[in-house]
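Have a look at the structure below before the remarks.
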Amino acid sequence: MLRYIVRRVLGAIPVLFGLSVILFAFVRLLPGDPAIAILGQHATPALIQQVHQSLGLDKPIYIQYIQYINGLLHGDFGYSIINGRSVLSDFAHRFPGTVELTIGALIVAVGIGIPLGRLAARHPNGWIDGTVTVISLFGISIPIFVLGYSLVFIFAVQLHWLPAAGQLDPRIDLTPHTNMVLIDAIIDGQPAAFVDGLRHLVLPAIALGSIPLAIITRITRASVIDVSNEDYVRTARAKGLSERRVNDRHIMRNAWLPVTTIIGLEVGGLLAGAVITETVFSWNGVGSWVVDAIQDHDYFVIQSSILIFAVIFLMVNLVVDIGYAYLNPRIRYG
Amino acid sequence: MARSRLFTLLAVAGLAFSACSGAAVTQAPSSAAPAVSTAPAAGSAAPSPGASTAAGAPKEGGTLVVGLDGDMVYADPSLISDSNSSYVDAQVVQGLVGLKPGTVSDVIPVLAAAMPTVSADGKTYTFTLRTGIKFHDGTPFNAAAVKYNYDRWKNFPAGPLQDNAYYYGAVFGGFGASSNIASVDAPNDTTVIFHLKQPQSNFLISQTIQPFGIQSPAALAAGDANNPQLDKNPYAQGQGGVGKSMVGTGPFMFKEWVPNDHVTLVKNPNYWDPAGMAHLDQIVFKPFKDQTAKLQALQSGDIDFAQTVSPSDVQTIQSSGNLQVIDRGQSCNIGQISMNQDPNTKGADDPAGHKLLQNKDIRMAIAYAVNKQAYIQAFYAGLAKPADNWMPPSTQYYKPENLPTYDPTKAKQLIQQSGVPANQLTIDLYYPSDVVRPYMPDPKGLAQAIAQDLQAVGFTINLKSEGWRTGYISDEEVGKFPMWLLGWTCDWAGPDNFLLTAFFHYNGNTPSPEFAYRNDELNQTMTAALAATDPTQIQALWQKAQDLIAADMPTVPLVNSAPPGAAAKYVMGFVGAGNLTEEFNSVWLNK
Amino acid sequence: MTAGSTTVAVRAASTRASRGLWRDAFQRLLRNGPALVGLFCIAVFVVGAIFAPFIAPYDPVVGKIVDRMQPPSAAHLMGTDLLGRDEFSRVLYGARLSLQVGVIAVVFGLFFGVSIGAIAGGAGGKVDAVLMRITDVLLAVPGILLAIGIVAWLGRGQLQIMLAVGVSYAPIFARLLRGSLLALRESDFVIAARSMGASAPRILLRHMLPNALTPLIVQATLALATAIIDVAGLGFLGLGPGDPRIAEWGEMLTDSARFLQSAPYLIFFPGAAITISAIGFNLLGDGLRESLDPRLKR
């Protein structure tokens, strides 16, 4: 297993290298001009040239690439041409927010999705199954921004139960340590901030979790039904094992396999969904960061931030694959 | 007092200024829509109080949470040119002069004790400063501090500092030796003398904008504010506390900035002007990229004040019991259908369309075909006026032009008169897909409405879009689109800022490629207007310029809008301004 | 390996059944209540799309701005939008573009995904490793960013958007298929086939693919629904498809989201159209899955 992990990590290096070339090219193929990001309608040919010079964009492309890679190897991921902040420090400030949101969404999706899927699979095509199907379909059939606005409208604007936006009431003073509100509140022993942070998390987590929730429900249902029809399950039942034992030992153990694959895949989907959720809820995370960077033509942020995303995703995938091997000993990694 | 004199100077110096910036007239403080809108319309403008004026004695204390349209960019006001930073900075830093609250054009002394005396040749400005003022870090404000700031800007090295300190370069024609400021003298603690190389009419008005706020020399030095590597510049990044960044003299002090999350300002208990002492203990600015999210945050009580709201939400706000709409009254912008008449533009998107627009009958037909009043009702919540000129009515020397109003029959006649066959009336219309602007709150809707009106008189319109910074601005500036939606928010409310800087300037002997509109007589008239000294003559020349443009209809003006804001009803004492230069020291919470 | 060969593979599986698989499956499908409901939902929209010119009471593209934002009434069953266009006519016509967007995007996704997944899962070893790392990279770039990239490259338009959404699905299909194939490689019937000397491509096509398709079908039907949503999401970020005047449910929803409070009907009707068609695709997909799986024969 260790050898496998080492090989996967080493295998990722050429992939990331390839990605860096692609990203570097992509950013330069984007229509528009990075100088416009700073100058806007003020731009004049002379000013544009001046900005190109200070960004080093007047140099030959291969030199720019070498400088970029050289920086990466030295831990310098570049800086934003809009606000001058280093990409790494912005990432460090904003990634924890996305992690918090993603974990919240995963808890919603897995915590509700798996029981719901098992419930539906108990009597396929029964009325419970039908209801669960329709509910989960609603989840994926409503765009996140519509769901988000609607949730806010109902629970924040009308009922005043939950806040509408952000991670913490700006009137509460909380020192950032980890930039995850809940954890910072625990570190500082501020129960009020913890509760407020939790209240802020509920709606975005539901909005973001809605799509994986539906998918996890469906996949759980499908694989439980699949496995239930396997010979060994029938055998187990024939042997007179209790239904509960059959469920836990034989069905779920095997049904987990596709479910974990999907959970792993959905983490990527959550990052994508976070792009819109973070905008709707003014959530300070990396999803909106990258989209802003693309819209703002913020050169160095685009190329470096997506590269960082890629590294994180490769790591998540590796963990999923290891989980896979653990759950299904039949898979051999030669 | 110095006012009438100032206006004479305005015109004179315009010439000098444009002369010293050579071919690039655009170097004059132009303005991006999100830019710092300073706006001085000469002599125009009654103050337009936005929200409730204080009823009864103001209550002290409390925190106001303001929903801003976007995040601050730098904590050093010298390096910003965007409206969000500027909105925050206006509470913290002050310049020698400023705008009277609620106006877009009334210049008043702030850190100066009075308006300056100006030498006969218009090159020397002598300011007397107020005394007893301290910066937020406790160091004294004095003439040496003013000199330090102006010298600092002038000596910014090429690179990121110059790139971001756009306004200094633009207003003074460059940095270092290129700057129009020859020197700044501080003969004693309370006297500052500016020596200009050429008279510069916009000198005073331009110094009202936030990038010219005076900051504490000690704090700038301590925060390594001149470090050109901005990611390693602690002052610009604002990661210290009170007295570490944005150290000015204003009624509020910078306390904290969590990028993309919030900026916190606290009351300055030692503010120099007892009358301007802040009522609030604290202001928190929270960025909202999304207008609907901002509105919902306001409705749910997350925020108390929304800097702007989408006009489509105005009715919802009005009908809610606990919110108020902030009507900023006067407009300082213009939205228009831009047109480019040059089919030979490199990379022209639709050469036939460009060529079509060379035909004046076609341009006039378009002007008659668009129903401005309907757009104002549909997209601006009625908070706009049909544009009757290429600048808003608050502008100096403004003259109504009686431009075409909605008349589809007349439009069809003009098309017939143009002799263009019906199957050649096809043209591309571009709109920006990912931004809203005060003069254009719903570009996609507006573009469709215009297309609908133009199709009704016989045109075929292809609607196309690009991202604002991912193609739109860079393409329209070189004239790639035949027809597109764009506008201008004033830097200052003078005709030169709109007609010349924003629109129809020449680069040398050729029209700017943006509109490719050649009218040599217009160019000569505007140049002469800038050079003139006699107020009647200035007025006559600018009005002639407006008439020349109106006769040609090179682009079709649509609206002048007043961007609405909103606040909870308990927010009292706010004074709004059409250019969004607004101060919160008069604000208090009635709850 | 193309989407076409998926069909080949499915056909190959039919040799295992005594009667024709498709006939068999079709009969089972007809007995499946939920699937018929799904089929009905889709049929309604397909019929609406085809006969829109005869059913729609108004022009879906041109309206009168003075008639804007009218709530539902006898004259306008679903009200009118910001530009005074009849919402009912737009929902009807919108079916054309929206269904097309969903189907074509998923076809693009399946084309790339099945190709990669089948080769990786079938070949195993180094080929698998290389292809999966490429897939990982594609997955590592969130779909929306991938889509923005493709739109930035190819310009704006319907085809570009469909391609962008489709490509963002491809790695999911690929991994799903490859995961199933990997598990199947060690299953009894594959080992049996291998021991009988069947060639690798033959084992892949005839034995493994048909058995690995079940999760893919579920995912693809879900994707049909989400493709429409994803297009709406791109619209939310200002990357909508082409001409905004041409009705498309996702974009209609995006443009109306800000009228949640002032004109909720503008969200409700296109939203309902998307939801109903999504439910339709899913019910049908489920029915199909059950019908195609001989083990579920009742």
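Identifiers for the structure tokens are assigned positionally: chains receive A, B, ... in sequence, residues are indexed from 1 per chain, and ligands are indexed from 1 in the order shown.
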
Just list as a PyMOL selection string whatever in segment 188-220 of chain C DSSP marks as alpha helix (DSSP H). chain C and resi 188-195+200-202+209-220

Counting only C-alpha atoms, which residues of chain B come no farther than 7 Å from chain A, as a ChimeraX atom specification? /B:26,30-32,73-74,159-160,163,230-231,260-261,284,288-290,293,296-297,299-300,302,467,469-471,473-474

Output for the residues just chosen: C-alpha atoms as a compact mmCIF listing (two decimals), in the first residue's frame:
```txt
# COMPACT_ATOMS: atom_id res chain seq x y z
CA THR B 26 -6.98 60.67 -22.53
CA SER B 30 -10.73 59.96 -17.22
CA SER B 31 -12.94 57.67 -15.41
CA ALA B 32 -13.81 54.11 -15.39
CA VAL B 73 -8.31 47.00 -2.98
CA TYR B 74 -5.50 48.61 -0.97
CA GLY B 159 6.25 49.72 -11.60
CA PRO B 160 3.36 48.67 -9.39
CA ASP B 163 0.56 51.63 -12.09
CA LEU B 230 2.93 45.26 -2.93
CA ASP B 231 2.45 41.76 -1.53
CA ASN B 260 -13.10 39.88 0.96
CA ASP B 261 -14.85 39.68 4.31
CA VAL B 284 -18.17 47.68 9.23
CA PHE B 288 -21.33 41.85 -1.70
CA LYS B 289 -20.64 40.84 -5.24
CA ASP B 290 -24.26 39.97 -5.83
CA ALA B 293 -27.63 38.79 -1.86
CA GLN B 296 -31.58 40.00 1.23
CA ALA B 297 -28.88 40.73 3.78
CA GLN B 299 -33.94 42.72 4.62
CA SER B 300 -32.84 40.12 7.13
CA ASP B 302 -27.46 41.33 8.51
CA GLY B 467 -16.96 39.67 -20.19
CA ARG B 469 -12.53 42.54 -18.34
CA THR B 470 -12.25 39.46 -20.53
CA GLY B 471 -12.62 41.18 -23.83
CA ILE B 473 -13.28 46.86 -22.63
CA SER B 474 -10.14 45.87 -24.50
```

Close residues, Asn585 of chain B itself excluded, 9 Å, only C-alpha atoms, min 4 positions apart in chain, as a PyMOL selection string: chain B and resi 91+251-252+267+276-280+573-574

Show me, as a Markdown table, the residues of chain B having an atom within 10 Å of chain C, each with the closest atom pair and its distance in Å, using only C-alpha atoms.
```
| residue | atom | partner | partner_atom | distance |
| --- | --- | --- | --- | --- |
| B:Asp290 | CA | C:Arg258 | CA | 9.8 |
| B:Gln291 | CA | C:Arg258 | CA | 8.3 |
| B:Thr292 | CA | C:Arg258 | CA | 5.9 |
| B:Ala293 | CA | C:Arg258 | CA | 9.2 |
| B:Leu295 | CA | C:Arg258 | CA | 9.8 |
| B:Gln296 | CA | C:Gln261 | CA | 10.0 |
| B:Ser310 | CA | C:Arg258 | CA | 9.1 |
| B:Ser312 | CA | C:Phe259 | CA | 7.8 |
| B:Asp313 | CA | C:Ser262 | CA | 7.6 |
| B:Val314 | CA | C:Ser262 | CA | 9.9 |
| B:Gln315 | CA | C:Ser262 | CA | 8.0 |
| B:Thr316 | CA | C:Ser262 | CA | 6.5 |
| B:Asn371 | CA | C:Ile65 | CA | 9.5 |
| B:Ala374 | CA | C:Ile65 | CA | 7.0 |
| B:Tyr375 | CA | C:Ile65 | CA | 8.3 |
| B:Gln377 | CA | C:Val66 | CA | 9.2 |
| B:Ala378 | CA | C:Leu82 | CA | 7.3 |
| B:Phe379 | CA | C:Leu82 | CA | 8.7 |
| B:Pro432 | CA | C:Gly238 | CA | 8.6 |
| B:Ser433 | CA | C:Gly238 | CA | 4.9 |
| B:Asp434 | CA | C:Gly238 | CA | 4.6 |
| B:Val435 | CA | C:Gly238 | CA | 8.2 |
| B:Asp442 | CA | C:Asp255 | CA | 9.8 |
| B:Lys444 | CA | C:Pro244 | CA | 7.6 |
| B:Gly445 | CA | C:Leu83 | CA | 7.3 |
| B:Leu446 | CA | C:Leu83 | CA | 9.0 |
| B:Ala447 | CA | C:Pro244 | CA | 9.5 |
| B:Gln448 | CA | C:Arg245 | CA | 6.8 |
| B:Ala449 | CA | C:Leu83 | CA | 6.4 |
| B:Ala451 | CA | C:Arg245 | CA | 9.4 |
| B:Gln452 | CA | C:Val62 | CA | 6.5 |
| B:Asp453 | CA | C:Lys64 | CA | 9.0 |
| B:Gln455 | CA | C:Val62 | CA | 9.1 |
| B:Ala456 | CA | C:Val62 | CA | 9.2 |
| B:Asn462 | CA | C:Asp243 | CA | 7.7 |
| B:Leu463 | CA | C:Asp243 | CA | 5.7 |
| B:Lys464 | CA | C:Asp243 | CA | 6.6 |
| B:Ser465 | CA | C:Arg156 | CA | 7.9 |
| B:Glu466 | CA | C:Arg156 | CA | 8.1 |
| B:Gly467 | CA | C:Gly238 | CA | 7.3 |
| B:Trp468 | CA | C:Gly238 | CA | 9.9 |
| B:Thr470 | CA | C:Ala152 | CA | 8.4 |
| B:Gly471 | CA | C:Ala152 | CA | 9.6 |
```

Serialized selection, C-alpha atoms, as a short mmCIF file (atom, residue, chain, number, x, y, z; two decimals), in the first residue's frame:
```
data_model
loop_
_atom_site.label_atom_id
_atom_site.label_comp_id
_atom_site.auth_asym_id
_atom_site.auth_seq_id
_atom_site.Cartn_x
_atom_site.Cartn_y
_atom_site.Cartn_z
CA ASP B 290 -24.26 39.97 -5.83
CA GLN B 291 -27.02 42.59 -5.68
CA THR B 292 -29.76 40.14 -4.69
CA ALA B 293 -27.63 38.79 -1.86
CA LEU B 295 -30.72 43.15 -0.69
CA GLN B 296 -31.58 40.00 1.23
CA SER B 310 -30.55 47.19 -8.17
CA SER B 312 -35.42 46.44 -10.04
CA ASP B 313 -35.57 46.06 -6.24
CA VAL B 314 -36.60 49.64 -5.49
CA GLN B 315 -40.28 48.80 -5.42
CA THR B 316 -39.72 45.87 -3.08
CA ASN B 371 -37.81 54.34 -26.53
CA ALA B 374 -39.68 52.87 -21.60
CA TYR B 375 -36.17 51.76 -20.72
CA GLN B 377 -39.35 52.64 -16.42
CA ALA B 378 -38.26 49.05 -17.09
CA PHE B 379 -34.63 49.06 -16.01
CA PRO B 432 -21.18 43.26 -21.18
CA SER B 433 -22.27 39.94 -19.72
CA ASP B 434 -20.92 40.02 -16.18
CA VAL B 435 -21.22 43.52 -14.75
CA ASP B 442 -29.24 45.48 -16.56
CA LYS B 444 -28.63 42.17 -21.01
CA GLY B 445 -32.20 43.39 -20.61
CA LEU B 446 -31.40 46.81 -22.04
CA ALA B 447 -29.67 45.29 -25.05
CA GLN B 448 -32.69 43.12 -25.76
CA ALA B 449 -35.08 46.04 -25.39
CA ALA B 451 -32.81 45.22 -30.24
CA GLN B 452 -36.57 44.83 -30.02
CA ASP B 453 -37.11 48.52 -30.85
CA GLN B 455 -36.04 45.31 -35.20
CA ALA B 456 -39.45 46.97 -35.11
CA ASN B 462 -27.37 40.25 -33.67
CA LEU B 463 -26.93 40.36 -29.90
CA LYS B 464 -23.47 39.44 -28.66
CA SER B 465 -21.70 39.66 -25.34
CA GLU B 466 -18.28 39.52 -23.74
CA GLY B 467 -16.96 39.67 -20.19
CA TRP B 468 -16.20 43.21 -19.01
CA THR B 470 -12.25 39.46 -20.53
CA GLY B 471 -12.62 41.18 -23.83
#
```

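For the pair atom CA of Ala12 of chain A and atom CA of Ile276 of chain A, the separation is 28.6 Å.
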
Within 8 Å of chain C, which residues of chain A show up when using only C-alpha atoms, listed as a VMD selection string? chain A and resid 11 to 12 15 to 16 19 26 29 to 31 125 134 137 to 138 140 to 146 149 to 150 215 219 222 229 261 265 268 to 269 271 to 272 276 291 306 309 to 314 317 330 to 331

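Every protein, DNA or RNA residue with an atom at most 7 Å from segment 138-150 of chain B, where only C-alpha atoms count and chain neighbours fewer than 3 positions away do not, is listed here: Ile133, Lys134, Phe135, Trp153, Lys154, Val184, Asp185, Ala186, Asn188, Asp189, Thr190, Thr191, Val192, Ile214, Gln215, Ser216 and Pro217 of chain B.
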
Need the shell around Gly240 of chain B: protein/DNA/RNA residues with any atom at most 10 Å away, counting only C-alpha atoms. Skip same-chain ones fewer than 4 positions apart. Format as a list in words? Gly223, Pro234, Tyr235, Lys244, Ser245, Phe254, Lys255, Glu256 and Trp257 of chain B

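For Phe51 of chain C, the list of residues within 10 Å, based on only C-alpha atoms and with local chain neighbours fewer than 6 positions off taken out, reads Phe45, Leu92 and Tyr93 of chain C.
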
Can you write just those residues out, N, CA and C atoms, as a compact mmCIF listing (two decimals), in the first residue's frame?
```
# COMPACT_ATOMS: atom_id res chain seq x y z
N PHE C 45 -43.01 17.44 -23.15
CA PHE C 45 -42.13 18.53 -23.56
C PHE C 45 -41.66 18.37 -25.00
N LEU C 92 -42.67 27.05 -23.76
CA LEU C 92 -42.89 26.06 -24.82
C LEU C 92 -41.70 25.99 -25.76
N TYR C 93 -41.33 27.14 -26.30
CA TYR C 93 -40.20 27.18 -27.22
C TYR C 93 -38.90 26.80 -26.51
```

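Contact shell of Gln190 of chain A at 12 Å (only C-alpha atoms; same-chain neighbours under 5 positions omitted): Ile172, Asp173, Leu174, Thr175, Val181, Leu182, Ile183, Asp184, Ala185, Val195, Asp196 and Gly197 of chain A.
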